[in-house]
Amino acid sequence: TAVTSSMMTFSAGVPYHFSVTNKGSAPQEFAMMPQGMDMENMPMNTIHSNALHMIDTIAPGMTSTFDYTFASSMMGNNMEFGGNLSGHNTGWMRLPMKINP
(Lines give C-alpha, C1' and ligand atoms only; values in the text may rest on other atoms or scores of the structure.)
Protein backbone atom coordinates (compact mmCIF):
# COMPACT_ATOMS: atom_id res chain seq x y z
CA THR A 1 0.00 0.00 0.00
CA ALA A 2 1.27 3.48 -0.83
CA VAL A 3 0.23 7.13 -0.69
CA THR A 4 -0.27 8.66 -4.14
CA SER A 5 -1.41 12.09 -5.30
CA SER A 6 -2.37 13.62 -8.62
CA MET A 7 -0.51 16.81 -7.55
CA MET A 8 2.83 17.22 -5.79
CA THR A 9 3.22 21.00 -5.90
CA PHE A 10 0.67 23.42 -4.46
CA SER A 11 0.40 27.21 -4.46
CA ALA A 12 -0.06 29.33 -1.37
CA GLY A 13 -3.37 31.16 -1.17
CA VAL A 14 -5.17 28.83 -3.58
CA PRO A 15 -8.06 26.76 -2.16
CA TYR A 16 -7.72 23.03 -2.87
CA HIS A 17 -10.30 20.27 -2.54
CA PHE A 18 -8.73 16.98 -1.43
CA SER A 19 -10.33 13.56 -1.88
CA VAL A 20 -8.56 10.81 0.05
CA THR A 21 -9.52 7.23 -0.83
CA ASN A 22 -8.48 4.17 1.14
CA LYS A 23 -7.78 1.47 -1.47
CA GLY A 24 -6.44 -0.92 1.17
CA SER A 25 -8.12 -3.58 3.27
CA ALA A 26 -7.70 -1.97 6.72
CA PRO A 27 -8.78 1.40 8.20
CA GLN A 28 -6.19 4.12 7.51
CA GLU A 29 -5.22 7.53 8.88
CA PHE A 30 -4.18 10.41 6.65
CA ALA A 31 -2.08 13.44 7.56
CA MET A 32 -0.56 16.48 5.87
CA MET A 33 2.64 17.16 7.84
CA PRO A 34 5.86 19.15 7.69
CA GLN A 35 8.41 16.92 5.96
CA GLY A 36 10.99 15.07 8.04
CA MET A 37 9.04 14.67 11.28
CA ASP A 38 9.73 11.39 13.09
CA MET A 39 6.11 10.23 13.10
CA GLU A 40 7.11 6.64 13.92
CA ASN A 41 8.51 7.73 17.29
CA MET A 42 6.17 10.52 18.36
CA PRO A 43 2.93 10.14 20.32
CA MET A 44 -0.28 10.35 18.28
CA ASN A 45 -1.33 13.57 20.08
CA THR A 46 1.93 15.20 18.89
CA ILE A 47 1.24 14.08 15.33
CA HIS A 48 -2.27 15.54 15.57
CA SER A 49 -1.00 18.87 16.92
CA ASN A 50 1.65 19.18 14.15
CA ALA A 51 -0.56 18.09 11.26
CA LEU A 52 -1.85 20.69 8.82
CA HIS A 53 -4.82 18.37 8.41
CA MET A 54 -5.57 14.94 9.88
CA ILE A 55 -8.19 12.31 9.11
CA ASP A 56 -8.32 9.78 11.94
CA THR A 57 -10.05 6.93 10.12
CA ILE A 58 -10.86 6.19 6.51
CA ALA A 59 -12.54 2.80 6.18
CA PRO A 60 -11.44 0.45 3.37
CA GLY A 61 -13.01 1.48 0.08
CA MET A 62 -14.22 4.81 1.48
CA THR A 63 -13.31 8.39 0.51
CA SER A 64 -12.96 11.38 2.83
CA THR A 65 -12.82 14.93 1.47
CA PHE A 66 -11.67 18.26 2.86
CA ASP A 67 -10.78 21.75 1.64
CA TYR A 68 -7.46 23.36 2.49
CA THR A 69 -5.67 26.60 1.56
CA PHE A 70 -1.94 26.73 2.24
CA ALA A 71 -0.90 29.96 3.97
CA SER A 72 1.64 32.28 2.34
CA SER A 73 3.95 31.61 5.32
CA MET A 74 4.27 28.02 4.03
CA MET A 75 5.80 29.05 0.68
CA GLY A 76 8.97 27.13 -0.08
CA ASN A 77 8.33 24.63 2.70
CA ASN A 78 8.55 20.91 2.11
CA MET A 79 5.53 19.03 3.37
CA GLU A 80 4.33 15.47 3.00
CA PHE A 81 1.22 13.40 2.83
CA GLY A 82 1.27 10.50 5.25
CA GLY A 83 -0.82 7.38 5.57
CA ASN A 84 -0.86 4.79 8.32
CA LEU A 85 -2.95 2.03 9.85
CA SER A 86 -5.59 3.77 11.95
CA GLY A 87 -4.60 4.06 15.63
CA HIS A 88 -0.92 3.26 15.10
CA ASN A 89 2.10 5.53 14.82
CA THR A 90 4.46 3.04 13.15
CA GLY A 91 4.87 2.31 9.47
CA TRP A 92 3.88 5.71 8.07
CA MET A 93 3.83 5.79 4.25
CA ARG A 94 5.05 9.19 3.07
CA LEU A 95 4.76 11.23 -0.11
CA PRO A 96 6.67 14.56 -0.33
CA MET A 97 4.99 17.71 -1.63
CA LYS A 98 6.01 21.36 -1.95
CA ILE A 99 4.29 24.71 -1.42
CA ASN A 100 5.19 27.35 -4.04
CA PRO A 101 4.24 31.05 -4.25
# chains A, B, ... in the order shown; residues from 1 in each chain; ligands from 1

call {"tool": "residues_around", "arguments": {"residues": "Met7 of chain A", "least_positions_apart": "6", "cutoff": "12 Å", "atoms": "only C-alpha atoms", "output": "ChimeraX atom specification"}}
result
/A:16-19,80-81,95-99

call {"tool": "atom_distance", "arguments": {"atom1": "atom CA of Pro43 of chain A", "atom2": "atom CA of Ser73 of chain A"}}
result
26.2 Å

call {"tool": "select_by_dssp", "arguments": {"residues": "segment 42-95 of chain A", "states": "alpha helix (DSSP H)", "output": "PyMOL selection string"}}
result
chain A and resi 44-50

call {"tool": "write_last_selection", "arguments": {"atoms": "N, CA and C atoms", "output": "tab-separated table (two decimals), in the first residue's frame"}}
result
chain	number	residue	atom	x	y	z
A	44	MET	N	0.77	9.96	19.22
A	44	MET	CA	-0.28	10.35	18.28
A	44	MET	C	-0.78	11.78	18.55
A	45	ASN	N	-0.85	12.20	19.81
A	45	ASN	CA	-1.33	13.57	20.08
A	45	ASN	C	-0.35	14.61	19.53
A	46	THR	N	0.94	14.29	19.48
A	46	THR	CA	1.93	15.20	18.89
A	46	THR	C	1.76	15.25	17.38
A	47	ILE	N	1.50	14.11	16.78
A	47	ILE	CA	1.24	14.08	15.33
A	47	ILE	C	0.02	14.94	15.02
A	48	HIS	N	-1.04	14.75	15.79
A	48	HIS	CA	-2.27	15.54	15.57
A	48	HIS	C	-2.01	17.03	15.71
A	49	SER	N	-1.23	17.43	16.69
A	49	SER	CA	-1.00	18.87	16.92
A	49	SER	C	-0.08	19.48	15.86
A	50	ASN	N	0.75	18.67	15.19
A	50	ASN	CA	1.65	19.18	14.15
A	50	ASN	C	1.08	19.07	12.74

call {"tool": "closest_residue", "arguments": {"among": "A:Pro101, A:Asn77, A:Met8, A:Asn84", "to": "Asp56 of chain A", "atoms": "only C-alpha atoms"}}
result
A:Asn84

call {"tool": "select_by_dssp", "arguments": {"residues": "chain A", "states": "strand (DSSP E)", "output": "MDAnalysis selection string"}}
result
chainID A and resid 9:11 15:21 28:34 53:58 63:69 78:85 93:100

call {"tool": "closest_residue", "arguments": {"among": "A:Ser11, A:Ala2, A:Asn78, A:His53", "to": "Thr65 of chain A", "atoms": "only C-alpha atoms"}}
result
A:His53

call {"tool": "residues_around", "arguments": {"residues": "Thr21 of chain A", "least_positions_apart": "3", "cutoff": "10 Å", "atoms": "only C-alpha atoms", "output": "MDAnalysis selection string"}}
result
chainID A and resid 3:4 18 24 28 30 58:65

call {"tool": "write_last_selection", "arguments": {"atoms": "N, CA and C atoms", "output": "mmCIF file, in the first residue's frame"}}
result
data_model
loop_
_atom_site.group_PDB
_atom_site.id
_atom_site.type_symbol
_atom_site.label_atom_id
_atom_site.label_comp_id
_atom_site.auth_asym_id
_atom_site.auth_seq_id
_atom_site.Cartn_x
_atom_site.Cartn_y
_atom_site.Cartn_z
ATOM 1 N N VAL A 3 0.932 5.857 -0.573
ATOM 2 C CA VAL A 3 0.228 7.129 -0.690
ATOM 3 C C VAL A 3 0.554 7.690 -2.069
ATOM 4 N N THR A 4 -0.475 8.052 -2.830
ATOM 5 C CA THR A 4 -0.272 8.657 -4.144
ATOM 6 C C THR A 4 -1.090 9.942 -4.224
ATOM 7 N N PHE A 18 -9.402 18.272 -1.485
ATOM 8 C CA PHE A 18 -8.725 16.982 -1.426
ATOM 9 C C PHE A 18 -9.749 15.866 -1.270
ATOM 10 N N GLY A 24 -6.944 0.246 0.469
ATOM 11 C CA GLY A 24 -6.437 -0.925 1.174
ATOM 12 C C GLY A 24 -7.558 -1.741 1.799
ATOM 13 N N GLN A 28 -7.417 3.331 7.624
ATOM 14 C CA GLN A 28 -6.187 4.120 7.508
ATOM 15 C C GLN A 28 -6.383 5.517 8.082
ATOM 16 N N PHE A 30 -4.819 9.564 7.654
ATOM 17 C CA PHE A 30 -4.184 10.412 6.651
ATOM 18 C C PHE A 30 -3.757 11.702 7.337
ATOM 19 N N ILE A 58 -10.198 6.355 7.798
ATOM 20 C CA ILE A 58 -10.864 6.191 6.507
ATOM 21 C C ILE A 58 -11.031 4.681 6.332
ATOM 22 N N ALA A 59 -12.266 4.226 6.309
ATOM 23 C CA ALA A 59 -12.544 2.795 6.182
ATOM 24 C C ALA A 59 -12.122 2.297 4.802
ATOM 25 N N PRO A 60 -11.801 1.001 4.686
ATOM 26 C CA PRO A 60 -11.441 0.445 3.374
ATOM 27 C C PRO A 60 -12.527 0.731 2.337
ATOM 28 N N GLY A 61 -12.087 1.191 1.165
ATOM 29 C CA GLY A 61 -13.013 1.484 0.078
ATOM 30 C C GLY A 61 -13.740 2.808 0.192
ATOM 31 N N MET A 62 -13.515 3.550 1.270
ATOM 32 C CA MET A 62 -14.222 4.813 1.479
ATOM 33 C C MET A 62 -13.336 5.999 1.085
ATOM 34 N N THR A 63 -13.993 7.145 0.852
ATOM 35 C CA THR A 63 -13.311 8.388 0.515
ATOM 36 C C THR A 63 -13.707 9.460 1.514
ATOM 37 N N SER A 64 -12.732 10.224 1.959
ATOM 38 C CA SER A 64 -12.965 11.377 2.830
ATOM 39 C C SER A 64 -12.472 12.610 2.088
ATOM 40 N N THR A 65 -13.208 13.710 2.171
ATOM 41 C CA THR A 65 -12.822 14.931 1.471
ATOM 42 C C THR A 65 -12.656 16.075 2.455
#

call {"tool": "atom_distance", "arguments": {"atom1": "atom CA of Pro34 of chain A", "atom2": "atom CA of Met93 of chain A"}}
result
13.9 Å

call {"tool": "residues_around", "arguments": {"residues": "Thr90 of chain A", "least_positions_apart": "5", "cutoff": "8 Å", "atoms": "only C-alpha atoms", "output": "ChimeraX atom specification"}}
result
/A:39-41,84

call {"tool": "atom_distance", "arguments": {"atom1": "atom CA of Arg94 of chain A", "atom2": "atom CA of Met74 of chain A"}}
result
18.9 Å
